[in-house]
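Inspection log for the structure reproduced underneath, given as structure tokens.
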Amino acid sequence: MGSRLIGYGSYLPERIMTNQDFERIMDTSDEWIVQRTGMRERHFARDDETVTDMATVAATRALENAGLTIDDIDLVIVATTTPELDFPSVGVQVLGRLGASSNLPAFDVRGACTGYIYALHCARAFFTAGIHRRIMIIGAEKMTRFIDWSDRSTAVLFGDGAGALIFEHSTSSYSGIIDTVVMADGREFDILHGTPDHHIVMTGPETYRRAVQHMPAAAQYIMEHAGIPAENVDWIIPHQANLRIIQSGAERLGFPLEKILITVDKHANTSGASGVLALAYAFDNDIIKRGQLILYPAFGSGLTWGAALIRV
Ligand code: ACO
């Protein structure tokens with residue numbers, strides 16, 4: 001029992017915040033941000049725009065792309081760390097916004113920047129078990145809610161947005177979500193976490209060190225686990241946290257940079273939305289073609305990390 005990808009959609013808020021915009025409000029420079037992170041701009045949601053708003057637009061576009069309505073879906077999983085409400089889940093709120101009447105279930109997963117890999121992992125398990133036949137995965141974040149404007153080392157790193165993917169049950173195990181692996185080490189909490197008053201606490205260099213270790217390891221593990229050699233992988237879409245982390249991971253894996261999809265320059269780090277937004281961007285710009293094999297490694301707060309192999 002497998003799956004296949006039948007639709008995608010994304011949403012990026014209209015407002016673009018450039019490095020030059022940051023130069024005007026804090027002690028930083030375009031040169032520092034580009035050199036340390038590869039980021040040039042990011043999208044910032046309006047004050048009144050919520051994760052549910054963004055997730056709903058991405059979901060609507062994915063349904064249009066698949067030629068379906070929400071009642072054709074039988075599970076919605078939302079990866080988010082920045083929901084505007086503690087309850088109900090963003091997933092259930094999206095059902096309400098879309099007018100779902102078929103009582104389909106929805107829930108959120110909180111895996112920080114690894115959230116969309118956790119969502120894919122759940123979806124794979126449901127397909128394998130034959131429990132659900134059409135699953136929508138949404139990655140949606142309003143990271144700007146967590147920005148500490150007095151901390152220049154984290155304020156420049158994040159952006160907002162949402163992406164959605166729809167998978168359908170398939171008898172082929174070589175399409176859709178082929179394999180997933182997710183991991184966590186709660187002992188590493190101190191390195192990167194949120195606070196009750198919505199701030200990000202991050203030890204940048206420690207986060208960096210763990211990311212360049214765990215993302216390539218997860219990528220290597222999943223290729224071996226799935227029995228897929230590196231040369232069969234068409235694209236790597238790493239979690240878009242930092243260009244230097246991405247380049248270092250590619251080097252460790254021996255992957256040429258031409259096979260690595262980069263959106264961190266345009267979107268910055270959108271956490272649980274990052275990989276889904278990046279895939280939608282690649283489709284919209286004809287970079288990734290249907291049928292290609294994608295390797296998705298990710299890493300984030302928790303610490304959490306993991307990888308997915310997807311044939312799109
Ligand atoms: N502009 C200018 N200077 C700055 C800025 C800034 N925005 N931010 C920090 N600096 C300064 C620091 O104050 C420091 O100055 P000092 O030497 O005078 O003390 C200097 O730059 C170096 O600071 P470092 O923190 O050592 O810089 P580093 O090279 O490590 O880069 C960065 C910082 C970009 C944050 C890097 O550590 C990194 O990318 N870490 C990983 C972050 C990440 O991947 N997060 C992903 C997970 S997020 C999630 O899961 C929600």
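Residue numbering restarts at 1 in every chain; chains get A, B, ... in the order shown in the structure tokens, and ligands count up from 1 in that same order.
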Which residues of chain A come within 8 Å of ligand 1, and what is each one's closest atom pair and distance in Å (one decimal), counting only C-alpha atoms and all ligand atoms, sorted by chain and residue number, as JSON lines?
{"residue": "A:Asp27", "atom": "CA", "partner": "ligand 1", "partner_atom_place_in_ligand_line": "1 (N)", "distance": 6.3}
{"residue": "A:Thr28", "atom": "CA", "partner": "ligand 1", "partner_atom_place_in_ligand_line": "1 (N)", "distance": 3.6}
{"residue": "A:Ser29", "atom": "CA", "partner": "ligand 1", "partner_atom_place_in_ligand_line": "1 (N)", "distance": 5.7}
{"residue": "A:Trp32", "atom": "CA", "partner": "ligand 1", "partner_atom_place_in_ligand_line": "2 (C)", "distance": 5.4}
{"residue": "A:Ile33", "atom": "CA", "partner": "ligand 1", "partner_atom_place_in_ligand_line": "7 (N)", "distance": 6.0}
{"residue": "A:Arg36", "atom": "CA", "partner": "ligand 1", "partner_atom_place_in_ligand_line": "34 (C)", "distance": 5.0}
{"residue": "A:Thr37", "atom": "CA", "partner": "ligand 1", "partner_atom_place_in_ligand_line": "34 (C)", "distance": 5.3}
{"residue": "A:Ala112", "atom": "CA", "partner": "ligand 1", "partner_atom_place_in_ligand_line": "50 (O)", "distance": 5.2}
{"residue": "A:Cys113", "atom": "CA", "partner": "ligand 1", "partner_atom_place_in_ligand_line": "50 (O)", "distance": 4.5}
{"residue": "A:Thr114", "atom": "CA", "partner": "ligand 1", "partner_atom_place_in_ligand_line": "50 (O)", "distance": 7.4}
{"residue": "A:Asp151", "atom": "CA", "partner": "ligand 1", "partner_atom_place_in_ligand_line": "8 (N)", "distance": 7.6}
{"residue": "A:Arg152", "atom": "CA", "partner": "ligand 1", "partner_atom_place_in_ligand_line": "7 (N)", "distance": 4.3}
{"residue": "A:Ser153", "atom": "CA", "partner": "ligand 1", "partner_atom_place_in_ligand_line": "8 (N)", "distance": 3.3}
{"residue": "A:Thr154", "atom": "CA", "partner": "ligand 1", "partner_atom_place_in_ligand_line": "35 (C)", "distance": 6.3}
{"residue": "A:Ala155", "atom": "CA", "partner": "ligand 1", "partner_atom_place_in_ligand_line": "7 (N)", "distance": 7.1}
{"residue": "A:Val156", "atom": "CA", "partner": "ligand 1", "partner_atom_place_in_ligand_line": "7 (N)", "distance": 5.8}
{"residue": "A:Leu157", "atom": "CA", "partner": "ligand 1", "partner_atom_place_in_ligand_line": "35 (C)", "distance": 7.4}
{"residue": "A:Leu192", "atom": "CA", "partner": "ligand 1", "partner_atom_place_in_ligand_line": "50 (O)", "distance": 6.8}
{"residue": "A:His193", "atom": "CA", "partner": "ligand 1", "partner_atom_place_in_ligand_line": "51 (C)", "distance": 7.3}
{"residue": "A:Ile200", "atom": "CA", "partner": "ligand 1", "partner_atom_place_in_ligand_line": "51 (C)", "distance": 7.5}
{"residue": "A:Met202", "atom": "CA", "partner": "ligand 1", "partner_atom_place_in_ligand_line": "42 (C)", "distance": 7.5}
{"residue": "A:Thr203", "atom": "CA", "partner": "ligand 1", "partner_atom_place_in_ligand_line": "37 (O)", "distance": 7.2}
{"residue": "A:Gly204", "atom": "CA", "partner": "ligand 1", "partner_atom_place_in_ligand_line": "37 (O)", "distance": 3.4}
{"residue": "A:Pro205", "atom": "CA", "partner": "ligand 1", "partner_atom_place_in_ligand_line": "37 (O)", "distance": 4.1}
{"residue": "A:Glu206", "atom": "CA", "partner": "ligand 1", "partner_atom_place_in_ligand_line": "40 (N)", "distance": 7.2}
{"residue": "A:Thr207", "atom": "CA", "partner": "ligand 1", "partner_atom_place_in_ligand_line": "41 (C)", "distance": 4.7}
{"residue": "A:Tyr208", "atom": "CA", "partner": "ligand 1", "partner_atom_place_in_ligand_line": "41 (C)", "distance": 3.9}
{"residue": "A:Arg209", "atom": "CA", "partner": "ligand 1", "partner_atom_place_in_ligand_line": "41 (C)", "distance": 7.7}
{"residue": "A:Ala211", "atom": "CA", "partner": "ligand 1", "partner_atom_place_in_ligand_line": "44 (O)", "distance": 6.5}
{"residue": "A:Ala241", "atom": "CA", "partner": "ligand 1", "partner_atom_place_in_ligand_line": "44 (O)", "distance": 4.6}
{"residue": "A:Asn242", "atom": "CA", "partner": "ligand 1", "partner_atom_place_in_ligand_line": "39 (O)", "distance": 5.3}
{"residue": "A:Arg244", "atom": "CA", "partner": "ligand 1", "partner_atom_place_in_ligand_line": "39 (O)", "distance": 7.5}
{"residue": "A:Ile245", "atom": "CA", "partner": "ligand 1", "partner_atom_place_in_ligand_line": "44 (O)", "distance": 7.1}
{"residue": "A:Asn269", "atom": "CA", "partner": "ligand 1", "partner_atom_place_in_ligand_line": "48 (S)", "distance": 7.1}
{"residue": "A:Ser271", "atom": "CA", "partner": "ligand 1", "partner_atom_place_in_ligand_line": "51 (C)", "distance": 5.6}
{"residue": "A:Phe299", "atom": "CA", "partner": "ligand 1", "partner_atom_place_in_ligand_line": "47 (C)", "distance": 6.6}
{"residue": "A:Gly300", "atom": "CA", "partner": "ligand 1", "partner_atom_place_in_ligand_line": "50 (O)", "distance": 3.4}
{"residue": "A:Ser301", "atom": "CA", "partner": "ligand 1", "partner_atom_place_in_ligand_line": "50 (O)", "distance": 4.1}
{"residue": "A:Gly302", "atom": "CA", "partner": "ligand 1", "partner_atom_place_in_ligand_line": "50 (O)", "distance": 7.8}
{"residue": "A:Leu303", "atom": "CA", "partner": "ligand 1", "partner_atom_place_in_ligand_line": "50 (O)", "distance": 7.9}
Could you save the residues just selected, with N, CA, C and O atoms, as a compact mmCIF listing (two decimals), in the first residue's frame?
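Dumped everything to again.txt:
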# COMPACT_ATOMS: atom_id res chain seq x y z
N ASP A 27 20.64 46.91 14.38
CA ASP A 27 22.07 46.96 14.08
C ASP A 27 22.47 45.67 13.35
O ASP A 27 22.96 44.71 13.95
N THR A 28 22.23 45.66 12.05
CA THR A 28 22.59 44.50 11.24
C THR A 28 22.92 44.99 9.84
O THR A 28 22.82 46.18 9.55
N SER A 29 23.33 44.07 8.96
CA SER A 29 23.63 44.48 7.59
C SER A 29 23.25 43.36 6.63
O SER A 29 23.25 42.17 6.98
N TRP A 32 26.07 40.86 6.43
CA TRP A 32 26.15 39.86 7.50
C TRP A 32 25.08 38.77 7.28
O TRP A 32 25.39 37.58 7.36
N ILE A 33 23.87 39.20 6.99
CA ILE A 33 22.77 38.22 6.87
C ILE A 33 23.02 37.29 5.68
O ILE A 33 22.88 36.06 5.81
N ARG A 36 26.10 34.93 6.50
CA ARG A 36 25.89 33.91 7.54
C ARG A 36 24.72 32.98 7.25
O ARG A 36 24.66 31.89 7.81
N THR A 37 23.75 33.45 6.46
CA THR A 37 22.52 32.64 6.32
C THR A 37 22.08 32.38 4.87
O THR A 37 21.30 31.48 4.63
N ALA A 112 8.14 21.45 15.23
CA ALA A 112 8.96 22.62 14.88
C ALA A 112 9.37 22.54 13.41
O ALA A 112 8.53 22.24 12.56
N CYS A 113 10.64 22.74 13.11
CA CYS A 113 11.06 22.75 11.70
C CYS A 113 11.01 21.36 11.07
O CYS A 113 11.11 21.23 9.85
N THR A 114 10.89 20.32 11.89
CA THR A 114 10.74 18.96 11.34
C THR A 114 9.26 18.61 11.22
O THR A 114 8.91 17.48 10.86
N ASP A 151 16.61 40.86 19.69
CA ASP A 151 17.66 39.85 19.48
C ASP A 151 17.95 39.73 17.98
O ASP A 151 17.29 38.99 17.26
N ARG A 152 18.97 40.48 17.53
CA ARG A 152 19.25 40.51 16.09
C ARG A 152 19.70 39.15 15.55
O ARG A 152 19.62 38.88 14.36
N SER A 153 20.20 38.26 16.45
CA SER A 153 20.71 36.98 15.95
C SER A 153 19.59 36.01 15.58
O SER A 153 19.82 35.05 14.86
N THR A 154 18.38 36.25 16.07
CA THR A 154 17.26 35.39 15.65
C THR A 154 16.22 36.15 14.81
O THR A 154 15.56 35.55 13.97
N ALA A 155 16.10 37.46 15.03
CA ALA A 155 15.01 38.22 14.38
C ALA A 155 15.05 38.13 12.86
O ALA A 155 14.01 38.11 12.20
N VAL A 156 16.27 38.07 12.30
CA VAL A 156 16.39 38.14 10.84
C VAL A 156 16.15 36.78 10.16
O VAL A 156 16.11 36.70 8.94
N LEU A 157 16.00 35.72 10.96
CA LEU A 157 16.08 34.37 10.39
C LEU A 157 14.75 33.80 9.87
O LEU A 157 14.76 32.81 9.15
N LEU A 192 17.45 25.11 21.60
CA LEU A 192 16.51 25.83 20.74
C LEU A 192 15.08 25.56 21.22
O LEU A 192 14.59 24.44 21.13
N HIS A 193 14.44 26.60 21.75
CA HIS A 193 13.05 26.40 22.21
C HIS A 193 12.29 27.71 22.24
O HIS A 193 12.87 28.80 22.19
N ILE A 200 11.84 33.20 20.83
CA ILE A 200 12.71 32.07 20.46
C ILE A 200 14.01 32.19 21.24
O ILE A 200 14.63 33.25 21.26
N MET A 202 17.64 30.55 21.17
CA MET A 202 18.46 29.69 20.32
C MET A 202 19.94 29.96 20.55
O MET A 202 20.37 31.12 20.52
N THR A 203 20.69 28.89 20.77
CA THR A 203 22.14 29.01 20.75
C THR A 203 22.56 28.68 19.33
O THR A 203 22.61 27.52 18.93
N GLY A 204 22.80 29.75 18.54
CA GLY A 204 23.02 29.59 17.10
C GLY A 204 24.09 28.58 16.72
O GLY A 204 23.82 27.63 15.98
N PRO A 205 25.32 28.74 17.26
CA PRO A 205 26.38 27.82 16.84
C PRO A 205 26.09 26.35 17.21
O PRO A 205 26.42 25.45 16.45
N GLU A 206 25.46 26.14 18.39
CA GLU A 206 25.12 24.75 18.78
C GLU A 206 24.05 24.18 17.84
O GLU A 206 24.11 23.02 17.43
N THR A 207 23.06 25.02 17.53
CA THR A 207 22.01 24.58 16.60
C THR A 207 22.64 24.21 15.26
O THR A 207 22.33 23.18 14.66
N TYR A 208 23.53 25.06 14.82
CA TYR A 208 24.23 24.85 13.55
C TYR A 208 24.97 23.51 13.56
O TYR A 208 24.83 22.70 12.62
N ARG A 209 25.71 23.27 14.64
CA ARG A 209 26.50 22.02 14.72
C ARG A 209 25.61 20.78 14.66
O ARG A 209 25.92 19.82 13.98
N ALA A 211 22.57 20.62 13.37
CA ALA A 211 21.89 20.54 12.07
C ALA A 211 22.78 19.90 11.01
O ALA A 211 22.33 19.04 10.25
N ALA A 241 16.86 26.37 6.60
CA ALA A 241 17.20 27.12 7.82
C ALA A 241 18.34 28.09 7.58
O ALA A 241 18.37 29.17 8.16
N ASN A 242 19.26 27.70 6.71
CA ASN A 242 20.49 28.47 6.56
C ASN A 242 21.26 27.89 5.38
O ASN A 242 21.47 26.68 5.31
N ARG A 244 24.35 27.96 4.62
CA ARG A 244 25.62 27.29 4.97
C ARG A 244 25.37 25.89 5.51
O ARG A 244 26.13 24.96 5.25
N ILE A 245 24.27 25.72 6.27
CA ILE A 245 23.92 24.38 6.77
C ILE A 245 23.61 23.47 5.58
O ILE A 245 24.03 22.32 5.51
N ASN A 269 13.56 31.13 7.02
CA ASN A 269 13.17 29.89 7.70
C ASN A 269 11.69 29.97 8.07
O ASN A 269 11.32 30.74 8.95
N SER A 271 10.06 27.31 9.17
CA SER A 271 9.86 26.21 10.11
C SER A 271 9.01 25.08 9.49
O SER A 271 9.36 24.56 8.44
N PHE A 299 15.33 19.40 10.27
CA PHE A 299 15.92 19.47 11.61
C PHE A 299 15.30 20.66 12.33
O PHE A 299 15.05 21.69 11.70
N GLY A 300 15.05 20.53 13.63
CA GLY A 300 14.50 21.70 14.33
C GLY A 300 14.50 21.54 15.84
O GLY A 300 15.10 20.62 16.41
N SER A 301 13.77 22.46 16.45
CA SER A 301 13.67 22.51 17.90
C SER A 301 13.16 21.18 18.45
O SER A 301 12.37 20.49 17.83
N GLY A 302 13.67 20.86 19.65
CA GLY A 302 13.24 19.60 20.28
C GLY A 302 14.34 18.99 21.15
O GLY A 302 14.18 18.84 22.31
N LEU A 303 15.42 18.61 20.50
CA LEU A 303 15.65 18.64 19.05
C LEU A 303 14.84 17.56 18.34
O LEU A 303 14.61 16.48 18.91
Residue set, range 50-104 of chain A restricted to strand (DSSP E or B), as a VMD selection string: chain A and resid 75 to 79
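Proximity to Phe283 in chain A was assessed for A:Met143, A:Leu261, A:Leu68, A:Ile178 counting only C-alpha atoms; the smallest distance is recorded for A:Leu261.
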Quick one: pick out all helix (DSSP H, G or I) residues within range 171-215 of chain A from a backbone DSSP run and write them as a PDB file with all heavy atoms, in the first residue's frame.
ATOM      1  N   GLY A 186      15.015  14.925  23.344  1.00  0.00           N
ATOM      2  CA  GLY A 186      14.502  15.951  24.261  1.00  0.00           C
ATOM      3  C   GLY A 186      15.541  16.471  25.233  1.00  0.00           C
ATOM      4  O   GLY A 186      15.350  17.519  25.854  1.00  0.00           O
ATOM      5  N   ARG A 187      16.658  15.766  25.354  1.00  0.00           N
ATOM      6  CA  ARG A 187      17.721  16.232  26.257  1.00  0.00           C
ATOM      7  C   ARG A 187      18.383  17.493  25.718  1.00  0.00           C
ATOM      8  O   ARG A 187      19.056  18.198  26.451  1.00  0.00           O
ATOM      9  CB  ARG A 187      18.779  15.130  26.445  1.00  0.00           C
ATOM     10  CG  ARG A 187      18.239  13.885  27.134  1.00  0.00           C
ATOM     11  CD  ARG A 187      19.223  12.754  27.043  1.00  0.00           C
ATOM     12  NE  ARG A 187      19.529  12.422  25.648  1.00  0.00           N
ATOM     13  CZ  ARG A 187      20.398  11.494  25.265  1.00  0.00           C
ATOM     14  NH1 ARG A 187      21.061  10.804  26.168  1.00  0.00           N
ATOM     15  NH2 ARG A 187      20.605  11.251  23.982  1.00  0.00           N
ATOM     16  N   GLU A 188      18.165  17.765  24.425  1.00  0.00           N
ATOM     17  CA  GLU A 188      18.800  18.925  23.786  1.00  0.00           C
ATOM     18  C   GLU A 188      17.861  20.147  23.753  1.00  0.00           C
ATOM     19  O   GLU A 188      18.066  21.070  22.966  1.00  0.00           O
ATOM     20  CB  GLU A 188      19.214  18.557  22.359  1.00  0.00           C
ATOM     21  CG  GLU A 188      20.172  17.381  22.282  1.00  0.00           C
ATOM     22  CD  GLU A 188      21.618  17.817  22.150  1.00  0.00           C
ATOM     23  OE1 GLU A 188      22.046  18.657  22.970  1.00  0.00           O
ATOM     24  OE2 GLU A 188      22.289  17.332  21.238  1.00  0.00           O
ATOM     25  N   PHE A 189      16.840  20.118  24.594  1.00  0.00           N
ATOM     26  CA  PHE A 189      15.835  21.193  24.677  1.00  0.00           C
ATOM     27  C   PHE A 189      16.460  22.589  24.716  1.00  0.00           C
ATOM     28  O   PHE A 189      16.041  23.507  24.023  1.00  0.00           O
ATOM     29  CB  PHE A 189      14.976  20.952  25.930  1.00  0.00           C
ATOM     30  CG  PHE A 189      14.070  22.091  26.297  1.00  0.00           C
ATOM     31  CD1 PHE A 189      12.780  22.168  25.778  1.00  0.00           C
ATOM     32  CD2 PHE A 189      14.493  23.088  27.177  1.00  0.00           C
ATOM     33  CE1 PHE A 189      11.944  23.219  26.119  1.00  0.00           C
ATOM     34  CE2 PHE A 189      13.662  24.141  27.517  1.00  0.00           C
ATOM     35  CZ  PHE A 189      12.383  24.204  26.993  1.00  0.00           C
ATOM     36  N   ASP A 190      17.500  22.733  25.573  1.00  0.00           N
ATOM     37  CA  ASP A 190      18.062  24.067  25.845  1.00  0.00           C
ATOM     38  C   ASP A 190      18.623  24.772  24.616  1.00  0.00           C
ATOM     39  O   ASP A 190      18.717  26.000  24.592  1.00  0.00           O
ATOM     40  CB  ASP A 190      19.193  23.961  26.879  1.00  0.00           C
ATOM     41  CG  ASP A 190      18.629  23.672  28.263  1.00  0.00           C
ATOM     42  OD1 ASP A 190      17.421  23.877  28.451  1.00  0.00           O
ATOM     43  OD2 ASP A 190      19.405  23.229  29.128  1.00  0.00           O
ATOM     44  N   ILE A 191      19.005  24.017  23.613  1.00  0.00           N
ATOM     45  CA  ILE A 191      19.672  24.613  22.448  1.00  0.00           C
ATOM     46  C   ILE A 191      18.727  25.504  21.649  1.00  0.00           C
ATOM     47  O   ILE A 191      19.132  26.521  21.095  1.00  0.00           O
ATOM     48  CB  ILE A 191      20.256  23.491  21.553  1.00  0.00           C
ATOM     49  CG1 ILE A 191      21.386  22.791  22.300  1.00  0.00           C
ATOM     50  CG2 ILE A 191      20.741  24.016  20.215  1.00  0.00           C
ATOM     51  CD1 ILE A 191      21.914  21.580  21.602  1.00  0.00           C
ATOM     52  N   GLY A 204      22.798  29.746  18.543  1.00  0.00           N
ATOM     53  CA  GLY A 204      23.021  29.591  17.103  1.00  0.00           C
ATOM     54  C   GLY A 204      24.089  28.582  16.725  1.00  0.00           C
ATOM     55  O   GLY A 204      23.822  27.632  15.979  1.00  0.00           O
ATOM     56  N   PRO A 205      25.319  28.738  17.259  1.00  0.00           N
ATOM     57  CA  PRO A 205      26.381  27.817  16.840  1.00  0.00           C
ATOM     58  C   PRO A 205      26.090  26.350  17.207  1.00  0.00           C
ATOM     59  O   PRO A 205      26.419  25.446  16.453  1.00  0.00           O
ATOM     60  CB  PRO A 205      27.609  28.348  17.590  1.00  0.00           C
ATOM     61  CG  PRO A 205      27.310  29.810  17.812  1.00  0.00           C
ATOM     62  CD  PRO A 205      25.828  29.873  18.034  1.00  0.00           C
ATOM     63  N   GLU A 206      25.463  26.136  18.392  1.00  0.00           N
ATOM     64  CA  GLU A 206      25.123  24.750  18.781  1.00  0.00           C
ATOM     65  C   GLU A 206      24.055  24.181  17.845  1.00  0.00           C
ATOM     66  O   GLU A 206      24.110  23.016  17.435  1.00  0.00           O
ATOM     67  CB  GLU A 206      24.597  24.721  20.229  1.00  0.00           C
ATOM     68  CG  GLU A 206      25.652  24.952  21.274  1.00  0.00           C
ATOM     69  CD  GLU A 206      26.763  23.899  21.225  1.00  0.00           C
ATOM     70  OE1 GLU A 206      26.455  22.717  21.055  1.00  0.00           O
ATOM     71  OE2 GLU A 206      27.940  24.289  21.326  1.00  0.00           O
ATOM     72  N   THR A 207      23.056  25.017  17.529  1.00  0.00           N
ATOM     73  CA  THR A 207      22.006  24.583  16.602  1.00  0.00           C
ATOM     74  C   THR A 207      22.638  24.212  15.264  1.00  0.00           C
ATOM     75  O   THR A 207      22.327  23.177  14.665  1.00  0.00           O
ATOM     76  CB  THR A 207      20.969  25.715  16.393  1.00  0.00           C
ATOM     77  OG1 THR A 207      20.515  26.152  17.660  1.00  0.00           O
ATOM     78  CG2 THR A 207      19.792  25.251  15.561  1.00  0.00           C
ATOM     79  N   TYR A 208      23.532  25.060  14.825  1.00  0.00           N
ATOM     80  CA  TYR A 208      24.228  24.855  13.553  1.00  0.00           C
ATOM     81  C   TYR A 208      24.966  23.507  13.557  1.00  0.00           C
ATOM     82  O   TYR A 208      24.833  22.705  12.622  1.00  0.00           O
ATOM     83  CB  TYR A 208      25.225  26.002  13.364  1.00  0.00           C
ATOM     84  CG  TYR A 208      25.867  26.060  12.010  1.00  0.00           C
ATOM     85  CD1 TYR A 208      25.404  26.928  11.037  1.00  0.00           C
ATOM     86  CD2 TYR A 208      26.951  25.235  11.703  1.00  0.00           C
ATOM     87  CE1 TYR A 208      25.993  26.987   9.790  1.00  0.00           C
ATOM     88  CE2 TYR A 208      27.550  25.283  10.462  1.00  0.00           C
ATOM     89  CZ  TYR A 208      27.064  26.156   9.509  1.00  0.00           C
ATOM     90  OH  TYR A 208      27.639  26.205   8.282  1.00  0.00           O
ATOM     91  N   ARG A 209      25.709  23.270  14.638  1.00  0.00           N
ATOM     92  CA  ARG A 209      26.499  22.022  14.717  1.00  0.00           C
ATOM     93  C   ARG A 209      25.609  20.785  14.656  1.00  0.00           C
ATOM     94  O   ARG A 209      25.918  19.816  13.979  1.00  0.00           O
ATOM     95  CB  ARG A 209      27.323  21.995  16.013  1.00  0.00           C
ATOM     96  CG  ARG A 209      28.722  22.528  15.820  1.00  0.00           C
ATOM     97  CD  ARG A 209      29.628  22.151  16.992  1.00  0.00           C
ATOM     98  NE  ARG A 209      29.368  22.961  18.164  1.00  0.00           N
ATOM     99  CZ  ARG A 209      29.813  24.217  18.315  1.00  0.00           C
ATOM    100  NH1 ARG A 209      30.531  24.784  17.374  1.00  0.00           N
ATOM    101  NH2 ARG A 209      29.545  24.893  19.403  1.00  0.00           N
ATOM    102  N   ARG A 210      24.482  20.829  15.389  1.00  0.00           N
ATOM    103  CA  ARG A 210      23.579  19.662  15.384  1.00  0.00           C
ATOM    104  C   ARG A 210      22.933  19.493  14.004  1.00  0.00           C
ATOM    105  O   ARG A 210      22.752  18.384  13.517  1.00  0.00           O
ATOM    106  CB  ARG A 210      22.468  19.802  16.425  1.00  0.00           C
ATOM    107  CG  ARG A 210      22.906  20.003  17.848  1.00  0.00           C
ATOM    108  CD  ARG A 210      23.764  18.851  18.360  1.00  0.00           C
ATOM    109  NE  ARG A 210      23.916  18.901  19.791  1.00  0.00           N
ATOM    110  CZ  ARG A 210      24.729  19.731  20.474  1.00  0.00           C
ATOM    111  NH1 ARG A 210      25.496  20.593  19.838  1.00  0.00           N
ATOM    112  NH2 ARG A 210      24.786  19.693  21.797  1.00  0.00           N
ATOM    113  N   ALA A 211      22.572  20.618  13.372  1.00  0.00           N
ATOM    114  CA  ALA A 211      21.888  20.544  12.073  1.00  0.00           C
ATOM    115  C   ALA A 211      22.781  19.898  11.012  1.00  0.00           C
ATOM    116  O   ALA A 211      22.331  19.039  10.246  1.00  0.00           O
ATOM    117  CB  ALA A 211      21.458  21.942  11.624  1.00  0.00           C
ATOM    118  N   VAL A 212      24.068  20.295  10.980  1.00  0.00           N
ATOM    119  CA  VAL A 212      24.949  19.737   9.939  1.00  0.00           C
ATOM    120  C   VAL A 212      25.294  18.276  10.218  1.00  0.00           C
ATOM    121  O   VAL A 212      25.776  17.564   9.335  1.00  0.00           O
ATOM    122  CB  VAL A 212      26.253  20.563   9.736  1.00  0.00           C
ATOM    123  CG1 VAL A 212      25.927  21.972   9.268  1.00  0.00           C
ATOM    124  CG2 VAL A 212      27.099  20.591  10.995  1.00  0.00           C
ATOM    125  N   GLN A 213      25.024  17.843  11.433  1.00  0.00           N
ATOM    126  CA  GLN A 213      25.263  16.438  11.765  1.00  0.00           C
ATOM    127  C   GLN A 213      23.998  15.601  11.483  1.00  0.00           C
ATOM    128  O   GLN A 213      24.045  14.589  10.797  1.00  0.00           O
ATOM    129  CB  GLN A 213      25.627  16.391  13.255  1.00  0.00           C
ATOM    130  CG  GLN A 213      25.780  15.035  13.873  1.00  0.00           C
ATOM    131  CD  GLN A 213      25.778  15.161  15.417  1.00  0.00           C
ATOM    132  OE1 GLN A 213      25.979  16.233  15.982  1.00  0.00           O
ATOM    133  NE2 GLN A 213      25.520  14.052  16.077  1.00  0.00           N
ATOM    134  N   HIS A 214      22.844  16.070  11.988  1.00  0.00           N
ATOM    135  CA  HIS A 214      21.634  15.241  11.940  1.00  0.00           C
ATOM    136  C   HIS A 214      20.973  15.187  10.562  1.00  0.00           C
ATOM    137  O   HIS A 214      20.440  14.145  10.177  1.00  0.00           O
ATOM    138  CB  HIS A 214      20.601  15.740  12.961  1.00  0.00           C
ATOM    139  CG  HIS A 214      21.001  15.468  14.382  1.00  0.00           C
ATOM    140  ND1 HIS A 214      21.486  14.257  14.796  1.00  0.00           N
ATOM    141  CD2 HIS A 214      20.977  16.258  15.487  1.00  0.00           C
ATOM    142  CE1 HIS A 214      21.756  14.303  16.098  1.00  0.00           C
ATOM    143  NE2 HIS A 214      21.458  15.510  16.534  1.00  0.00           N
ATOM    144  N   MET A 215      20.960  16.304   9.823  1.00  0.00           N
ATOM    145  CA  MET A 215      20.245  16.269   8.527  1.00  0.00           C
ATOM    146  C   MET A 215      20.899  15.314   7.528  1.00  0.00           C
ATOM    147  O   MET A 215      20.220  14.474   6.950  1.00  0.00           O
ATOM    148  CB  MET A 215      20.078  17.682   7.960  1.00  0.00           C
ATOM    149  CG  MET A 215      18.906  18.397   8.595  1.00  0.00           C
ATOM    150  SD  MET A 215      18.116  19.586   7.503  1.00  0.00           S
ATOM    151  CE  MET A 215      19.339  20.861   7.491  1.00  0.00           C
TER     152      MET A 215
END
Point-to-point distance from CA of Ile77 in chain A to CA of Ala106 in chain A, Å rounded to tenths: 5.7 Å
Close residues, Ile288 in chain A itself excluded, 10 Å, only C-alpha atoms, min 5 positions apart in chain, as a PyMOL selection string: chain A and resi 234-235+261+279-283+293-294+312
Per-residue nearest contacts of range 143-182 of chain A to range 39-46 of chain A (8 Å; only C-alpha atoms) as a tab-separated table:
residue	atom	partner	partner_atom	distance
A:Thr144	CA	A:Phe44	CA	6.8
A:Leu157	CA	A:Met39	CA	7.6
A:Phe158	CA	A:Arg42	CA	7.1
A:Gly159	CA	A:Arg42	CA	5.0
A:Asp160	CA	A:Phe44	CA	5.4
A:Gly161	CA	A:His43	CA	7.1
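Taking CA of Ile260 in chain A and CA of His239 in chain A as the two end points, the separation is 10.8 Å.
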Nearby residues (only C-alpha atoms) at most 10 Å from Ala218 in chain A, same-chain spacing under 4 positions excluded, as an MDAnalysis selection string: chainID A and resid 180:183 213:214 222:224 296:299 305:308
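Using only C-alpha atoms, the nearest neighbour of Ala273 in chain A within the list A:Arg4, A:Arg110, A:Arg97, A:Arg61 is A:Arg110.
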Residues near Val51 in chain A, cut-off 10 Å, only C-alpha atoms, skip fewer than 5 positions along chain, as a ChimeraX atom specification: /A:45,56,80-85,90,94,139-143,160-162
